[in-house]
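Novice: Following this line is model06.cif, made up of mmCIF, C-alpha atoms:
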```cif
data_coords
loop_
_atom_site.label_atom_id
_atom_site.label_comp_id
_atom_site.auth_asym_id
_atom_site.auth_seq_id
_atom_site.Cartn_x
_atom_site.Cartn_y
_atom_site.Cartn_z
CA MET A 1 83.21 75.73 79.67
CA THR A 2 80.50 76.46 82.26
CA GLU A 3 80.16 79.71 84.10
CA ASP A 4 81.57 78.10 87.27
CA GLU A 5 84.66 76.89 85.38
CA MET A 6 85.35 80.18 83.63
CA THR A 7 88.27 82.14 84.99
CA VAL A 8 88.95 85.74 84.23
CA ASP A 9 92.54 86.87 84.07
CA TYR A 10 93.08 90.62 83.82
CA GLN A 11 95.38 93.33 85.03
CA ILE A 12 94.68 96.95 85.83
CA SER A 13 97.50 99.36 85.08
CA GLU A 14 98.94 101.60 87.75
CA ASN A 15 97.78 104.63 85.74
CA VAL A 16 94.17 103.45 85.91
CA LEU A 17 94.38 102.79 89.66
CA GLU A 18 95.87 106.24 90.19
CA ALA A 19 93.12 107.81 88.07
CA ILE A 20 90.47 106.07 90.19
CA VAL A 21 92.04 107.51 93.36
CA ARG A 22 92.16 110.99 91.83
CA GLY A 23 88.56 110.67 90.64
CA ALA A 24 87.41 109.66 94.11
CA LEU A 25 88.56 113.04 95.43
CA GLU A 26 87.40 115.11 92.48
CA GLY A 27 85.26 118.01 93.59
CA GLU A 28 86.46 117.86 97.21
CA LYS A 29 87.17 121.51 98.08
CA ARG A 30 88.79 120.83 101.44
CA ALA A 31 91.66 118.71 100.09
CA ARG A 32 93.60 118.19 96.91
CA ILE A 33 96.20 115.68 95.90
CA ARG A 34 99.68 117.03 96.37
CA ALA A 35 101.31 118.17 93.15
CA GLY A 36 104.74 116.77 92.24
CA GLY A 37 107.48 117.13 94.80
CA ALA A 38 111.05 118.20 94.22
CA LEU A 39 111.82 117.91 90.52
CA GLY A 40 108.34 116.49 89.97
CA ARG A 41 109.32 113.05 91.23
CA SER A 42 106.27 112.50 93.39
CA ARG A 43 102.83 111.95 91.90
CA GLY A 44 101.03 112.20 95.24
CA VAL A 45 99.40 108.78 94.77
CA ASP A 46 100.85 105.29 95.09
CA VAL A 47 98.80 102.10 94.75
CA ASP A 48 100.43 98.73 95.46
CA VAL A 49 98.50 95.63 94.37
CA ASP A 50 99.14 92.19 95.84
CA GLU A 51 96.92 89.35 94.55
CA GLN A 52 93.35 90.57 95.20
CA SER A 53 94.04 93.47 97.56
CA CYS A 54 95.72 96.84 97.39
CA ARG A 55 97.33 99.43 99.61
CA VAL A 56 97.05 103.11 98.83
CA SER A 57 99.24 105.99 99.91
CA VAL A 58 98.03 109.48 99.05
CA HIS A 59 99.64 112.83 99.83
CA LEU A 60 97.22 115.72 100.21
CA ASP A 61 97.15 119.42 100.84
CA GLY A 62 94.31 120.45 103.14
CA GLN A 63 92.36 123.67 103.14
CA LEU A 64 93.48 126.04 105.88
CA GLY A 65 91.05 126.03 108.83
CA GLU A 66 89.48 122.63 108.04
CA ASP A 67 89.46 119.62 110.38
CA LEU A 68 92.19 117.56 108.70
CA VAL A 69 91.25 114.41 110.62
CA GLU A 70 87.70 114.59 109.26
CA VAL A 71 88.91 115.40 105.74
CA GLY A 72 91.43 112.53 105.88
CA MET A 73 88.79 110.04 107.00
CA LEU A 74 86.45 111.17 104.22
CA ALA A 75 89.27 110.77 101.68
CA GLN A 76 89.98 107.24 102.97
CA GLU A 77 86.33 106.23 102.64
CA ARG A 78 85.89 107.68 99.15
CA ILE A 79 89.12 106.16 97.82
CA SER A 80 88.40 102.74 99.32
CA ARG A 81 84.83 102.67 98.02
CA SER A 82 85.83 103.75 94.50
CA LEU A 83 88.68 101.26 94.17
CA SER A 84 86.61 98.37 95.52
CA ARG A 85 83.61 99.13 93.33
CA MET A 86 85.55 99.71 90.12
CA THR A 87 88.20 96.96 90.42
CA GLY A 88 86.83 94.31 92.77
CA LEU A 89 90.02 94.60 94.82
CA ALA A 90 89.88 94.55 98.60
CA VAL A 91 91.47 97.74 99.92
CA ALA A 92 93.71 96.82 102.85
CA THR A 93 94.76 100.37 103.75
CA VAL A 94 94.47 103.94 102.57
CA ASP A 95 97.25 105.97 104.17
CA VAL A 96 96.67 109.73 104.00
CA THR A 97 99.52 112.17 104.63
CA PHE A 98 98.90 115.90 104.70
CA ASP A 99 101.99 117.60 103.31
CA GLY A 100 100.68 121.14 103.27
CA VAL A 101 97.75 123.51 103.48
CA PHE A 102 96.25 126.00 101.04
CA PRO A 103 94.22 129.14 101.72
CA VAL A 104 90.48 129.41 101.29
CA SER A 105 89.66 130.65 97.82
CA HIS A 106 87.30 133.62 97.56
CA ASN A 107 85.22 131.50 95.14
CA ASP A 108 84.67 128.88 97.88
CA GLN A 109 83.19 131.30 100.43
#
```
Write out the structure in this file as C-alpha cells.

Specialist:
Amino acid sequence: MTEDEMTVDYQISENVLEAIVRGALEGEKRARIRAGGALGRSRGVDVDVDEQSCRVSVHLDGQLGEDLVEVGMLAQERISRSLSRMTGLAVATVDVTFDGVFPVSHNDQ
C-alpha cells in the first residue's frame, strides 16, 4: 500500500474533545468554564462532531468588570485553534454563552 492509498480511520472520544476545550482556556483568569448546573447535569462543554467538522458549545462565567465580548471572542479563537491543531477537524462554530460572573480575586490584582 502506498502512502497515497493509505487511509487512516480513527475516532476521538467526547471526553478527549472536552479536555481539549478545557485545556484551551486553562490559565485564562477572565473566564472559567461553568461548573455543573442543577444536579450536576451540565458539564459546561458540548462538542458535536459530524464527518470532519465539529461544533462547540461552551458555557462560561466571566470575571466581573471584564469586557465579556472580548473575552468570548478570545475563548472562541483559542478553542477553535486547539481543536483544529490537535484533531485535524474543521471547527464550524464555537458558541459561547456567559451564564454568570465571578468577583475579582485578591490574588489576581

Novice: Check the smallest atom-to-atom distance from each of A:Leu89, A:Ile20, A:Ile33, A:Ser82 to Cys54 in chain A using all atoms listed in the file, then report the winner.

Specialist: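 Under the stated criterion, the closest residue is A:Leu89.
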
Novice: Tell me which of A:Val101, A:Val47, A:Ala92, A:Ile79 sits closest to Ala24 in chain A, counting all atoms listed in the file.

Specialist: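 Closest residue, counting all atoms listed in the file: A:Ile79.
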
Novice: Could you please determine the separation between CA of Thr97 in chain A and CA of Val58 in chain A in Å, to one decimal place?

Specialist: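 Computed distance, CA of Thr97 in chain A to CA of Val58 in chain A, equals 6.4 Å.
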
Novice: Of the candidates A:Gly27, A:Arg85, A:Val96, A:Leu68, which shows the shortest atom-to-atom distance to Val45 in chain A, using all atoms listed in the file?

Specialist: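 Between A:Gly27, A:Arg85, A:Val96, A:Leu68, the residue approaching Val45 in chain A most closely is A:Val96.
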
Novice: Name the residues that the PyMOL selection byres ((chain A and resi 46) around 12) pulls out of this structure, and write them as a ChimeraX atom specification.

Specialist: /A:14-22,33-34,42-45,47-49,54-59,93-97

Novice: Would you put the residues from that selection into a file with C-alpha atoms, as a JSON list (two decimals), in the frame of the given file?

Specialist:
```
[["chain", "number", "residue", "atom", "x", "y", "z"],
["A", 14, "GLU", "CA", 98.94, 101.60, 87.75],
["A", 15, "ASN", "CA", 97.78, 104.63, 85.74],
["A", 16, "VAL", "CA", 94.17, 103.45, 85.91],
["A", 17, "LEU", "CA", 94.38, 102.79, 89.66],
["A", 18, "GLU", "CA", 95.87, 106.24, 90.19],
["A", 19, "ALA", "CA", 93.12, 107.81, 88.07],
["A", 20, "ILE", "CA", 90.47, 106.07, 90.19],
["A", 21, "VAL", "CA", 92.04, 107.51, 93.36],
["A", 22, "ARG", "CA", 92.16, 110.99, 91.83],
["A", 33, "ILE", "CA", 96.20, 115.68, 95.90],
["A", 34, "ARG", "CA", 99.68, 117.03, 96.37],
["A", 42, "SER", "CA", 106.27, 112.50, 93.39],
["A", 43, "ARG", "CA", 102.83, 111.95, 91.90],
["A", 44, "GLY", "CA", 101.03, 112.20, 95.24],
["A", 45, "VAL", "CA", 99.40, 108.78, 94.77],
["A", 47, "VAL", "CA", 98.80, 102.10, 94.75],
["A", 48, "ASP", "CA", 100.43, 98.73, 95.46],
["A", 49, "VAL", "CA", 98.50, 95.63, 94.37],
["A", 54, "CYS", "CA", 95.72, 96.84, 97.39],
["A", 55, "ARG", "CA", 97.33, 99.43, 99.61],
["A", 56, "VAL", "CA", 97.05, 103.11, 98.83],
["A", 57, "SER", "CA", 99.24, 105.99, 99.91],
["A", 58, "VAL", "CA", 98.03, 109.48, 99.05],
["A", 59, "HIS", "CA", 99.64, 112.83, 99.83],
["A", 93, "THR", "CA", 94.76, 100.37, 103.75],
["A", 94, "VAL", "CA", 94.47, 103.94, 102.57],
["A", 95, "ASP", "CA", 97.25, 105.97, 104.17],
["A", 96, "VAL", "CA", 96.67, 109.73, 104.00],
["A", 97, "THR", "CA", 99.52, 112.17, 104.63]]
```

Novice: Find the distance between CA of Leu60 in chain A and CA of Asp99 in chain A and write it in Å to one decimal.

Specialist: 6.0 Å

Novice: In Å, how far is it from CA of Asp50 in chain A to CA of Gln11 in chain A?

Specialist: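 Those two atoms sit 11.5 Å apart.
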
Novice: Assuming 4 Å of padding per side, give the centre and edge lengths of the axis-aligned box around every listed atom of range 21-29 of chain A, in Å to one decimal and as lines of an AutoDock Vina configuration file.

Specialist:
```
center_x = 88.7
center_y = 114.5
center_z = 94.4
size_x = 14.9
size_y = 22.0
size_z = 15.4
```

Novice: Here's the selection I'm unsure about, the PyMOL selection byres ((chain A and resi 62) around 12); applied to the file above, which residues does it give, as a count of residues only?

Specialist: 30

Novice: Between A:Val91, A:Met86, A:Leu25, A:Ala35, single out the one closest to Leu74 in chain A, counting all atoms listed in the file.

Specialist: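 Ranked by minimum distance to Leu74 in chain A, first place goes to A:Leu25.
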